[in-house]
Every structure is written in structure tokens, then in C-alpha cells.
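Novice: The following file, structure19.csv, comprises CSV, C-alpha atoms:
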```
chain,number,residue,atom,x,y,z
M,1,MET,CA,59.7,-62.2,7.1
M,2,ASN,CA,59.4,-60.6,10.5
M,3,GLY,CA,58.4,-56.9,10.8
M,4,PRO,CA,60.0,-54.4,13.2
M,5,ALA,CA,59.5,-55.0,16.8
M,6,GLN,CA,56.7,-53.0,18.3
M,7,SER,CA,57.6,-50.6,21.1
M,8,PRO,CA,55.7,-51.0,24.2
M,9,ASP,CA,53.1,-48.2,24.8
M,10,ASP,CA,54.6,-46.9,28.0
M,11,GLY,CA,55.0,-43.2,27.2
M,12,TYR,CA,58.9,-43.1,27.1
M,13,GLU,CA,61.0,-41.7,24.3
M,14,ARG,CA,62.9,-44.3,22.3
M,15,PRO,CA,65.4,-43.9,19.4
M,16,GLY,CA,63.5,-43.3,16.2
M,17,GLY,CA,60.2,-43.0,18.0
M,18,ARG,CA,58.2,-40.4,19.8
M,19,ALA,CA,56.6,-40.1,23.2
M,20,ARG,CA,53.2,-41.6,23.6
M,21,ILE,CA,50.7,-40.8,26.2
M,22,PRO,CA,48.7,-43.8,27.3
M,23,GLY,CA,45.1,-43.5,26.4
M,24,PRO,CA,42.2,-45.5,25.2
M,25,ARG,CA,42.8,-47.5,22.1
M,26,GLY,CA,42.0,-45.6,18.9
M,27,ALA,CA,41.8,-42.2,20.6
M,28,ALA,CA,43.3,-39.1,18.8
M,29,ASP,CA,46.8,-38.2,19.9
M,30,ASP,CA,46.5,-35.0,21.9
M,31,LEU,CA,50.0,-34.0,21.1
M,32,ASP,CA,49.7,-34.6,17.4
M,33,PRO,CA,49.8,-31.1,15.8
M,34,GLY,CA,47.1,-32.3,13.3
M,35,HIS,CA,44.6,-32.6,16.1
M,36,ALA,CA,43.6,-29.5,18.1
M,37,PRO,CA,42.2,-30.0,21.6
M,38,ARG,CA,38.4,-29.9,21.8
M,39,PRO,CA,37.1,-26.8,23.7
M,40,LEU,CA,35.0,-27.5,26.7
M,41,PRO,CA,31.4,-26.3,26.5
M,42,LEU,CA,30.7,-23.0,28.3
M,43,PRO,CA,27.9,-23.1,30.9
M,44,PRO,CA,24.7,-21.2,29.7
M,45,GLU,CA,24.4,-17.6,30.8
M,46,PRO,CA,21.6,-17.0,33.3
M,47,ALA,CA,18.6,-15.2,31.8
M,48,PRO,CA,18.5,-11.5,32.8
M,49,PRO,CA,15.8,-10.8,35.4
M,50,PRO,CA,12.6,-9.2,33.9
M,51,PRO,CA,12.2,-5.5,34.3
M,52,SER,CA,10.6,-4.4,37.5
M,53,HIS,CA,7.1,-3.0,37.7
M,54,ALA,CA,8.5,0.5,38.2
M,55,VAL,CA,10.7,0.3,35.1
M,56,LEU,CA,7.9,-1.0,32.9
M,57,LYS,CA,5.5,1.7,34.2
M,58,SER,CA,8.1,4.4,33.3
M,59,LEU,CA,8.1,3.0,29.7
M,60,LEU,CA,4.4,3.4,29.1
M,61,GLY,CA,4.8,6.9,27.7
M,62,ALA,CA,7.4,5.8,25.2
M,63,TRP,CA,5.3,2.8,24.3
M,64,ALA,CA,2.3,5.0,23.6
M,65,LEU,CA,4.4,7.0,21.2
M,66,ALA,CA,5.7,3.9,19.6
M,67,ALA,CA,9.2,4.9,20.7
M,68,CYS,CA,10.3,1.7,22.5
M,69,SER,CA,12.7,-0.9,21.1
M,70,ALA,CA,11.3,-4.3,20.1
M,71,GLU,CA,12.5,-5.9,23.3
M,72,GLU,CA,11.0,-3.1,25.4
M,73,THR,CA,7.7,-3.3,23.5
M,74,ARG,CA,7.4,-7.0,24.1
M,75,ALA,CA,8.2,-6.6,27.8
M,76,VAL,CA,5.6,-3.7,28.2
M,77,GLU,CA,2.8,-5.6,26.4
M,78,ASP,CA,3.5,-8.8,28.4
M,79,HIS,CA,3.2,-6.7,31.5
M,80,LEU,CA,-0.1,-5.1,30.4
M,81,THR,CA,-1.7,-8.5,30.3
M,82,GLU,CA,-0.9,-9.0,34.0
M,83,CYS,CA,-1.2,-5.5,35.5
M,84,ALA,CA,-4.6,-3.9,35.3
M,85,PRO,CA,-3.5,-0.4,36.6
M,86,CYS,CA,-0.8,-0.2,34.0
M,87,ALA,CA,-3.2,-1.4,31.3
M,88,GLU,CA,-5.6,1.4,32.1
M,89,GLU,CA,-2.8,4.0,32.1
M,90,ALA,CA,-1.6,2.7,28.7
M,91,LEU,CA,-5.1,3.2,27.2
M,92,ARG,CA,-5.3,6.8,28.6
M,93,LEU,CA,-1.8,7.6,27.1
M,94,ARG,CA,-2.7,6.1,23.7
M,95,ASP,CA,-5.9,8.3,23.6
M,96,ALA,CA,-3.8,11.4,24.5
M,97,VAL,CA,-1.3,10.6,21.7
M,98,GLY,CA,-4.3,10.4,19.2
M,99,LEU,CA,-5.2,14.0,20.2
M,100,LEU,CA,-1.7,15.2,19.4
M,101,HIS,CA,-2.1,14.0,15.8
M,102,PRO,CA,-5.2,15.5,14.2
M,103,GLU,CA,-6.7,13.8,11.3
M,104,GLU,CA,-5.4,15.0,7.9
M,105,SER,CA,-7.3,15.3,4.6
M,106,LEU,CA,-6.8,12.3,2.3
M,107,ASP,CA,-6.7,14.6,-0.6
M,108,LEU,CA,-3.4,14.9,-2.3
M,109,LYS,CA,-1.6,18.2,-1.8
M,110,PRO,CA,-2.2,20.4,-4.8
M,111,LEU,CA,1.5,20.6,-5.7
M,112,LEU,CA,2.2,16.9,-5.1
M,113,ARG,CA,1.2,15.7,-8.5
M,114,SER,CA,3.0,18.5,-10.3
M,115,ARG,CA,6.2,17.9,-8.2
M,116,VAL,CA,6.2,14.2,-9.0
M,117,LEU,CA,5.7,14.9,-12.7
M,118,GLU,CA,8.3,17.6,-12.7
M,119,ASP,CA,10.8,15.2,-11.0
M,120,CYS,CA,10.0,12.4,-13.4
M,121,LEU,CA,10.2,14.6,-16.5
M,122,GLY,CA,13.5,16.0,-15.2
M,123,LYS,CA,14.9,12.5,-15.3
M,124,ARG,CA,13.3,11.6,-18.6
M,125,PRO,CA,11.6,14.4,-20.5
M,126,ALA,CA,8.4,13.7,-22.3
M,127,ARG,CA,8.7,13.4,-26.0
M,128,ILE,CA,5.3,15.1,-26.4
M,129,PRO,CA,4.9,17.5,-23.5
M,130,VAL,CA,1.5,18.8,-22.3
M,131,PRO,CA,1.1,22.5,-23.2
M,132,VAL,CA,1.5,24.8,-20.3
M,133,TRP,CA,-2.0,26.3,-20.8
M,134,ALA,CA,-3.6,22.8,-20.7
M,135,SER,CA,-1.8,21.7,-17.5
M,136,PRO,CA,-4.4,23.2,-15.1
M,137,TYR,CA,-7.2,21.3,-16.8
M,138,ASP,CA,-5.1,18.1,-16.8
M,139,THR,CA,-4.4,18.6,-13.0
M,140,GLU,CA,-7.9,19.5,-11.9
M,141,THR,CA,-9.6,16.7,-13.8
M,142,ALA,CA,-7.1,14.3,-12.2
M,143,ARG,CA,-7.9,15.7,-8.7
M,144,LEU,CA,-11.6,15.4,-9.2
M,145,ASP,CA,-11.2,11.8,-10.6
M,146,ALA,CA,-9.2,10.9,-7.4
M,147,LEU,CA,-12.1,12.2,-5.3
M,148,LEU,CA,-14.6,10.1,-7.2
M,149,GLN,CA,-12.7,6.9,-7.4
M,150,ASP,CA,-13.9,5.5,-4.0
M,151,PHE,CA,-17.5,6.7,-4.3
M,152,GLY,CA,-20.2,4.1,-3.9
M,153,ASP,CA,-23.6,4.1,-5.5
M,154,SER,CA,-25.1,6.2,-2.6
M,155,GLU,CA,-22.5,9.0,-3.0
M,156,TRP,CA,-23.1,9.2,-6.8
M,157,HIS,CA,-26.7,10.0,-6.0
M,158,THR,CA,-25.9,12.6,-3.3
M,159,PRO,CA,-27.8,15.9,-4.0
M,160,VAL,CA,-25.6,18.7,-5.2
M,161,ARG,CA,-26.8,22.3,-5.7
M,162,LEU,CA,-25.1,24.2,-8.5
M,163,LYS,CA,-25.1,28.0,-8.1
M,164,TRP,CA,-24.5,30.9,-10.4
M,165,PHE,CA,-25.4,34.6,-10.8
M,166,GLU,CA,-27.6,35.8,-13.5
M,167,GLU,CA,-28.7,39.4,-14.1
M,168,GLU,CA,-29.2,40.8,-10.6
M,169,ARG,CA,-29.8,37.7,-8.6
M,170,ARG,CA,-28.4,34.3,-7.7
M,171,ARG,CA,-29.7,31.2,-9.4
M,172,SER,CA,-29.3,27.5,-8.5
M,173,GLN,CA,-30.1,24.1,-9.9
M,174,ARG,CA,-30.4,20.8,-8.0
M,175,THR,CA,-28.8,17.7,-9.4
M,176,THR,CA,-26.6,14.8,-8.2
M,177,VAL,CA,-22.9,14.0,-8.1
M,178,ALA,CA,-23.4,12.0,-11.3
M,179,GLY,CA,-25.4,14.9,-12.8
M,180,VAL,CA,-22.5,17.3,-12.1
M,181,ILE,CA,-20.0,15.0,-13.9
M,182,GLY,CA,-22.4,14.8,-16.9
M,183,HIS,CA,-22.6,18.6,-16.9
M,184,LEU,CA,-18.8,18.8,-17.0
M,185,MET,CA,-18.6,16.3,-19.8
M,186,THR,CA,-21.2,18.0,-22.0
M,187,VAL,CA,-19.5,21.4,-21.7
M,188,ASP,CA,-16.1,19.9,-22.2
M,189,GLY,CA,-17.7,18.7,-25.4
M,190,LEU,CA,-17.5,22.2,-26.8
M,191,ILE,CA,-13.7,21.9,-26.9
M,192,ALA,CA,-14.0,18.4,-28.3
M,193,THR,CA,-16.1,19.6,-31.3
M,194,ALA,CA,-13.7,22.6,-31.8
M,195,LEU,CA,-10.9,20.1,-32.2
M,196,GLY,CA,-12.9,17.9,-34.6
M,197,LEU,CA,-13.5,15.1,-32.0
M,198,ASP,CA,-16.7,13.3,-31.3
M,199,ASP,CA,-19.4,15.3,-29.5
M,200,PRO,CA,-20.4,13.4,-26.2
M,201,LEU,CA,-24.0,14.3,-27.0
M,202,GLY,CA,-23.9,12.6,-30.3
M,203,ALA,CA,-25.1,13.7,-33.7
M,204,ASP,CA,-28.4,15.1,-32.3
M,205,ALA,CA,-26.6,17.6,-30.0
M,206,PRO,CA,-28.6,20.9,-29.9
M,207,PRO,CA,-26.8,24.1,-31.0
M,208,GLY,CA,-26.1,26.5,-28.2
M,209,GLY,CA,-23.9,27.0,-25.1
M,210,PRO,CA,-23.3,25.2,-21.8
M,211,THR,CA,-26.9,25.6,-20.4
M,212,VAL,CA,-28.7,24.3,-23.5
M,213,ARG,CA,-26.3,21.3,-23.8
M,214,THR,CA,-26.5,20.4,-20.1
M,215,GLU,CA,-30.3,20.5,-20.0
M,216,TYR,CA,-30.4,18.3,-23.1
M,217,PHE,CA,-28.1,15.8,-21.4
M,218,TRP,CA,-30.1,15.8,-18.2
M,219,GLY,CA,-33.4,15.3,-20.0
M,220,ALA,CA,-32.2,12.8,-22.7
M,221,SER,CA,-32.6,9.8,-20.5
M,222,ALA,CA,-35.6,8.6,-18.6
M,223,LYS,CA,-33.3,7.2,-15.8
M,224,PRO,CA,-31.1,9.3,-13.5
M,225,THR,CA,-27.5,9.6,-14.4
M,226,THR,CA,-25.3,7.0,-12.6
M,227,ARG,CA,-21.7,6.4,-11.9
M,228,GLN,CA,-21.3,5.1,-15.4
M,229,VAL,CA,-20.8,8.7,-16.6
M,230,ARG,CA,-17.3,8.8,-14.9
M,231,GLU,CA,-15.6,6.6,-17.5
M,232,PRO,CA,-16.6,8.6,-20.7
M,233,TRP,CA,-16.0,11.9,-18.9
M,234,ARG,CA,-12.5,10.9,-17.9
M,235,GLU,CA,-11.7,9.3,-21.3
M,236,GLN,CA,-12.8,12.5,-23.0
M,237,GLY,CA,-10.5,14.6,-20.7
M,238,HIS,CA,-7.5,12.4,-21.6
M,239,THR,CA,-8.4,12.6,-25.3
M,240,LEU,CA,-8.5,16.4,-25.2
M,241,VAL,CA,-5.1,16.7,-23.4
M,242,ARG,CA,-3.6,14.2,-25.8
M,243,THR,CA,-4.9,15.9,-28.9
M,244,VAL,CA,-3.7,19.4,-28.0
M,245,SER,CA,-0.3,17.9,-27.0
M,246,PHE,CA,0.2,16.4,-30.5
M,247,ALA,CA,-1.3,19.5,-32.3
M,248,GLY,CA,1.8,21.6,-31.9
M,249,ARG,CA,2.1,25.4,-31.9
M,250,GLY,CA,-0.8,27.7,-32.9
M,251,VAL,CA,-3.6,25.5,-31.7
M,252,ALA,CA,-4.0,27.7,-28.6
M,253,GLU,CA,-5.6,30.4,-30.8
M,254,LEU,CA,-8.3,28.1,-32.2
M,255,ALA,CA,-11.7,29.6,-31.3
M,256,VAL,CA,-14.1,27.6,-29.1
M,257,ASP,CA,-17.8,28.6,-29.5
M,258,TYR,CA,-19.7,28.9,-26.2
M,259,GLY,CA,-22.9,29.9,-27.9
M,260,GLY,CA,-23.1,33.6,-27.0
M,261,PHE,CA,-19.3,34.2,-27.1
M,262,ALA,CA,-16.1,32.4,-28.0
M,263,LEU,CA,-12.7,31.9,-26.3
M,264,PRO,CA,-9.3,31.0,-27.7
M,265,LEU,CA,-8.6,27.3,-27.0
M,266,GLY,CA,-5.9,28.2,-24.4
M,267,ASP,CA,-8.4,30.3,-22.4
M,268,ALA,CA,-11.1,27.7,-22.9
M,269,PHE,CA,-8.8,25.1,-21.2
M,270,LEU,CA,-8.3,27.5,-18.3
M,271,GLU,CA,-12.0,28.1,-18.1
M,272,ARG,CA,-12.7,24.4,-18.0
M,273,ALA,CA,-10.1,23.9,-15.3
M,274,PHE,CA,-11.8,26.6,-13.2
M,275,GLU,CA,-15.2,25.0,-13.7
M,276,CYS,CA,-13.8,21.6,-12.8
M,277,TRP,CA,-12.4,22.9,-9.6
M,278,VAL,CA,-15.5,24.8,-8.6
M,279,HIS,CA,-17.8,21.8,-9.2
M,280,ALA,CA,-15.3,19.4,-7.4
M,281,TRP,CA,-15.7,21.8,-4.5
M,282,ASP,CA,-19.5,21.5,-4.8
M,283,ILE,CA,-19.3,17.8,-4.8
M,284,ALA,CA,-16.9,17.6,-1.9
M,285,ASP,CA,-19.1,20.0,0.1
M,286,ALA,CA,-22.1,17.8,-0.6
M,287,VAL,CA,-20.4,14.6,0.7
M,288,ASP,CA,-18.8,16.5,3.6
M,289,TYR,CA,-15.2,16.0,2.4
M,290,PRO,CA,-12.3,18.5,2.4
M,291,TYR,CA,-11.0,19.8,-0.9
M,292,GLU,CA,-8.0,22.0,-1.5
M,293,PRO,CA,-7.8,24.9,-4.0
M,294,PRO,CA,-5.5,24.6,-7.0
M,295,SER,CA,-1.8,25.3,-6.8
M,296,GLY,CA,-0.7,28.9,-6.8
M,297,PRO,CA,0.5,29.1,-10.5
M,298,HIS,CA,-2.7,27.4,-11.7
M,299,LEU,CA,-4.9,29.6,-9.6
M,300,HIS,CA,-3.1,32.7,-10.9
M,301,GLY,CA,-3.9,31.6,-14.4
M,302,MET,CA,-7.6,31.2,-13.6
M,303,ILE,CA,-7.8,34.6,-11.9
M,304,ASP,CA,-5.9,36.2,-14.8
M,305,LEU,CA,-8.5,34.9,-17.2
M,306,ALA,CA,-11.4,36.3,-15.1
M,307,ALA,CA,-9.6,39.7,-14.9
M,308,ARG,CA,-9.1,39.8,-18.6
M,309,LEU,CA,-12.8,39.0,-19.2
M,310,LEU,CA,-14.1,41.7,-16.8
M,311,PRO,CA,-14.1,44.7,-19.3
M,312,GLY,CA,-16.2,42.6,-21.8
M,313,ALA,CA,-18.6,41.5,-19.1
M,314,LEU,CA,-18.9,45.1,-17.9
M,315,ALA,CA,-19.8,46.2,-21.4
M,316,GLU,CA,-22.3,43.4,-21.8
M,317,ARG,CA,-24.1,44.5,-18.6
M,318,ARG,CA,-24.1,48.1,-19.9
M,319,ARG,CA,-25.8,47.0,-23.1
M,320,ALA,CA,-28.4,45.2,-20.9
M,321,GLY,CA,-29.0,48.4,-18.8
M,322,LEU,CA,-27.5,46.7,-15.7
M,323,ALA,CA,-24.5,48.9,-15.2
M,324,ALA,CA,-23.8,52.7,-15.3
M,325,PRO,CA,-23.0,54.2,-18.7
M,326,PRO,CA,-19.4,55.1,-19.4
M,327,ARG,CA,-18.2,58.4,-18.2
M,328,SER,CA,-16.2,59.1,-21.4
M,329,LEU,CA,-15.8,57.4,-24.7
M,330,VAL,CA,-12.2,56.8,-25.8
M,331,ALA,CA,-10.7,55.4,-29.0
M,332,ALA,CA,-9.5,51.8,-29.0
M,333,GLY,CA,-6.1,51.5,-27.5
M,334,ALA,CA,-6.3,55.0,-25.9
M,335,PRO,CA,-5.9,55.2,-22.1
M,336,GLY,CA,-9.2,55.4,-20.2
M,337,ARG,CA,-10.6,55.3,-16.7
M,338,THR,CA,-9.1,52.3,-14.8
M,339,LEU,CA,-9.9,50.3,-11.7
M,340,HIS,CA,-7.0,48.5,-10.0
M,341,LEU,CA,-7.9,45.0,-8.8
M,342,GLU,CA,-5.5,43.6,-6.2
M,343,ILE,CA,-5.8,39.8,-5.4
M,344,GLU,CA,-4.1,38.6,-2.3
M,345,GLY,CA,-3.0,35.1,-1.3
M,346,ALA,CA,-1.8,32.2,-3.4
M,347,GLY,CA,-2.2,32.9,-7.1
M,348,GLY,CA,-2.7,36.6,-6.5
M,349,GLY,CA,-1.3,39.7,-8.2
M,350,GLY,CA,-2.5,43.1,-9.5
M,351,TRP,CA,-4.7,43.8,-12.6
M,352,ASP,CA,-5.8,47.1,-14.1
M,353,ILE,CA,-9.3,46.9,-15.5
M,354,ALA,CA,-10.6,49.3,-18.2
M,355,LEU,CA,-13.9,50.7,-17.1
M,356,ASP,CA,-15.3,52.7,-20.1
M,357,SER,CA,-14.7,50.3,-23.1
M,358,PRO,CA,-13.2,46.8,-23.6
M,359,GLY,CA,-10.9,48.4,-26.3
M,360,ALA,CA,-9.6,51.1,-24.0
M,361,LYS,CA,-6.1,50.8,-22.5
M,362,PRO,CA,-5.9,50.6,-18.7
M,363,SER,CA,-3.8,53.4,-17.3
M,364,PRO,CA,-2.4,53.7,-13.8
M,365,ASP,CA,-2.5,57.5,-14.2
M,366,ARG,CA,-6.3,57.3,-14.7
M,367,THR,CA,-7.1,55.0,-11.8
M,368,VAL,CA,-10.4,56.0,-10.2
M,369,ALA,CA,-10.9,53.1,-7.8
M,370,GLU,CA,-9.2,50.1,-6.1
M,371,ILE,CA,-10.5,46.8,-4.9
M,372,ALA,CA,-8.5,44.3,-2.7
M,373,LEU,CA,-9.8,40.7,-2.5
M,374,ASP,CA,-8.6,37.3,-1.3
M,375,GLY,CA,-7.9,35.0,-4.2
M,376,ILE,CA,-10.3,32.3,-3.1
M,377,GLU,CA,-13.1,34.8,-2.4
M,378,PHE,CA,-12.6,36.4,-5.8
M,379,CYS,CA,-13.0,32.9,-7.4
M,380,GLN,CA,-16.1,32.3,-5.4
M,381,LEU,CA,-17.5,35.6,-6.7
M,382,ALA,CA,-16.6,34.7,-10.3
M,383,ALA,CA,-18.3,31.3,-9.8
M,384,GLY,CA,-21.5,32.8,-8.5
M,385,HIS,CA,-21.1,31.2,-5.1
M,386,ILE,CA,-21.3,34.5,-3.2
M,387,ALA,CA,-23.2,37.6,-4.0
M,388,PRO,CA,-21.4,40.9,-4.9
M,389,GLU,CA,-22.9,42.6,-1.8
M,390,ASP,CA,-21.4,39.9,0.5
M,391,VAL,CA,-17.9,40.2,-0.7
M,392,ALA,CA,-15.5,41.3,2.0
M,393,ALA,CA,-13.4,43.6,-0.3
M,394,GLY,CA,-11.1,46.4,0.6
M,395,GLN,CA,-12.6,49.3,-1.4
M,396,HIS,CA,-11.3,52.8,-2.2
M,397,GLY,CA,-12.4,55.3,-4.7
M,398,ASP,CA,-15.4,55.6,-7.1
M,399,ARG,CA,-18.2,53.5,-5.5
M,400,GLU,CA,-20.2,53.2,-8.7
M,401,ALA,CA,-17.2,51.7,-10.6
M,402,ILE,CA,-16.5,49.3,-7.7
M,403,ARG,CA,-20.1,48.1,-7.7
M,404,ASP,CA,-20.1,47.6,-11.5
M,405,VAL,CA,-16.9,45.6,-11.5
M,406,LEU,CA,-18.0,43.3,-8.6
M,407,PHE,CA,-21.3,42.6,-10.4
M,408,ALA,CA,-19.5,42.1,-13.7
M,409,ALA,CA,-17.2,39.5,-11.9
M,410,ALA,CA,-20.3,37.7,-10.6
M,411,SER,CA,-21.9,37.7,-14.1
M,412,LEU,CA,-19.0,35.6,-15.4
M,413,SER,CA,-20.7,32.6,-13.7
M,414,ARG,CA,-23.3,30.4,-15.4
M,415,LEU,CA,-24.8,26.9,-15.0
```
Please go through the file and, once you have read it, give me the structure as C-alpha cells.
Specialist:
Amino acid sequence: MNGPAQSPDDGYERPGGRARIPGPRGAADDLDPGHAPRPLPLPPEPAPPPPSHAVLKSLLGAWALAACSAEETRAVEDHLTECAPCAEEALRLRDAVGLLHPEESLDLKPLLRSRVLEDCLGKRPARIPVPVWASPYDTETARLDALLQDFGDSEWHTPVRLKWFEEERRRSQRTTVAGVIGHLMTVDGLIATALGLDDPLGADAPPGGPTVRTEYFWGASAKPTTRQVREPWREQGHTLVRTVSFAGRGVAELAVDYGGFALPLGDAFLERAFECWVHAWDIADAVDYPYEPPSGPHLHGMIDLAARLLPGALAERRRAGLAAPPRSLVAAGAPGRTLHLEIEGAGGGGWDIALDSPGAKPSPDRTVAEIALDGIEFCQLAAGHIAPEDVAAGQHGDREAIRDVLFAAASLSRL
């Protein structure tokens, strides 16, 4: 059976057929709607000319400030390998930029840790929060630990001189960075034993206060204290904070025996925070490293504790014959002669100090003298780092009362 006759491929329209355009056999039909024409390739764009020397030289300042785009940075740095005058100018500009950005302390800002914790706790409150009165201790031990974390063996044996004021003169004791941490650990042990925890000095710990315990620790080993003391000191600090956090209300009034006197647990934690900061300052000074003071609220709590202890310290010095006798005796709770202490700067405030008896009630109406001091300087005085005679205080009123209070503040210090 014969098939339909094939139309010649001549490009003309025939009935029942369609126009054909001659072409190579097997090629796609350009007029077929199922086949789109192939686009012709575009010629490559010519590469832009490189920036001129004048343009690249004008970019050197922005390059030194790291303000160029990635393309500009590549162009400038390629140019610097070929142009010696521009390379010298670039080095001078980089040195100048370095002078515009002075080196900053690597210490964390005092408020950074508390801000981070506050933000985290705001999103997810702690089930067992740290008591407010234990927060300064928690913060100061963490700051000191951050200072210590990169110390090598040589730094741990750096000499440190501890200073305090005793009776009418300044005292000092030479030790090392490791010895200071051992001192902090042994005195923190007074809080540990008050809470029923293990004493870091063990079962043979001598009775007594901070000085006796520290001297026992320093003399207990034939070898000098090394960096190995850091771990037990830090673990003890964590344990103290964790214990009081779980203890609940009322634990702040627990008495902590310091040998010659006692403090409520809340005040003892403040006192240990102050001591930690002061000795961290001693360590930082010994290794020539900057160290910032505590945050304002924490510093205020430390100053408040010292101000509350001043009437008792003044009475103690009177009993030892080191201060002027009281001008008048008043019943406990009755208003008596008063000195107004004004502390300026972060953590500052005003405190009225009873002069004639720890039991007397301070009275603004019976103020006989005023002292104005910077907060950091007052803390240095209370730590025994500066002598009362060297304090740059604004003074007004009874000179004898002012002298007695300044010396009483210095007597709060100890080893």
C-alpha cells in the first residue's frame, strides 16, 4: 500500500501543509512555536580601568581607618606593593590611627556582670536567687577570679605587701599573690564554720580571728603557697553563696565570730566583699594591672557597713586610751553629740555618727563636726592603705572629734 506523496521541500504553501524554510536536514524548525530562537552571545564587557595613582592616594586615610569597601581595600593594598611613597604614607596613617584609640583595660566593667545577670534573670528568674546582701561578695570574688585566670607561675609568686593600721601606726606584711588568696580563703573560713561547713584549715585550725588563722596557714607548709590555692578558694566561695541562697530567710542574722568581735552573717558577707576588692587591688597593683572599684550600689553597702561600725571602733579606742574621752554620757537611745560624714562619688551618701557612745542616737540637732570624703579615699582609709593624717578631707567643726573619727575609720583595717 503506497503512502501519501511527499511534498517537495521548496518552502511554498500547499493545501493541507505548511510553509517550510529550507535548511540543513534534521535542524529545528525556526518557525515552530515549540522552539524559541537561540539568543546570540553578548560580547564580554571590557574590564574597568584600574584607579589612578591620585585616586588610590586619596583613599589611604579611609583605608587606615578600615572604612574602605572590599574592592577599594584590594585596590589600595595592591597599589601599596608597587608604590613605595604611598606605602610609607599608609604606615604613618596607621600609626596615627592607633594614637586615636588608647588601650583600654581588659577588666570587665563593674556593672557588666550584674547587667548580664539581671537581663538573664528577667527572662528566666532564678528558682533560688542569691540574697541581696551576698551579691557583692559573689561579684567581687568573680572579678578577682577573672583577674587570676591568666596568671602564670611567675605572677603567682609576685611579691605583694598587705597594709593595715594598728593602734597609732601603719603595719605591713610581705607575701605573694598566692599568699593573698590563701589569706582570703582562711578568713572566708570563718563564715564557712558559722554555716556548719568544713573549715579550710581542717580539724587542727587554731581558735582566733583572721590574723591567727592567716599566720597558721602561711606557716603550715614548708613550701610556699602556689597557684593550687585558687581552686579551693573559688570552690569555697561558690559553696558559701550556694548555702546562704538555699538557707532562706533569717540566716542573715546568724553571728560570725571574728575572734575579738562578731558580725551578723549579712554584714560578714559585705565585709568579705570589701576585703576581696581591697586585696584584688593589692594584687593588680603588684602586677601593674588596672582594677576598677565595685559598682555604685555594692560600694555604697561597703561604706554603709564601715560607717555603722565607726561608733564601736571609736569606743574601743577610748577604752585603749587612744581617743579623747566622751564629753557627756547619755542613756542608750538618747540623742548625743554627732559627727556628719558625707561621702562623695559613686556609692556615696550621708551618715550621722554617734560620738559619745555606740548606744547613743545620732542627732542632726547635736552635730558638732562634719567630714566630706571621696568614696574611694574613705575605703582606702578604712582598709589601712592611707594614714588618717594624709586624708584629703573637707573638715568643719570640732577638730578633736574629726581626728577621733578618722583614726577610728583607719582602725577598722587589719591583716
Novice: If you measure from CA of Glu231 in chain M to CA of Gly266 in chain M, what distance in Å do you get, rounded to one decimal?
Specialist: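 Taking CA of Glu231 in chain M and CA of Gly266 in chain M, their separation equals 24.7 Å.
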Novice: Env of Leu240 in chain M: 12 Å cut, atoms = only C-alpha atoms, seq-sep filter 3 positions within chain, self excluded. Answer as a PyMOL selection string.
Specialist: chain M and resi 130-131+134-135+137-138+141+185+188-199+233-237+243-247+265+268-269+272
Novice: Please determine, counting all atoms listed in the file, which residue among M:Asp267, M:Glu140, M:Glu342, M:Asp119 has the shortest atom-to-atom distance to His396 in chain M.
Specialist: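 Among M:Asp267, M:Glu140, M:Glu342, M:Asp119, it is M:Glu342 that comes nearest to His396 in chain M.
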Novice: Could you tell me which of M:Leu59, M:Leu263, M:Ala67, M:Asp282 comes closest to Cys86 in chain M if we count only C-alpha atoms?
Specialist: M:Leu59
Novice: Pick from M:Ala146, M:Ala280, M:Cys120, M:Leu162: nearest to Thr175 in chain M, with all atoms listed in the file counted?
Specialist: M:Leu162
Novice: Could you check the closest approach to Ala284 in chain M for each of M:Ser411, M:Thr176, M:Thr186, M:Gln395 and tell me which residue wins, using only C-alpha atoms?
Specialist: M:Thr176
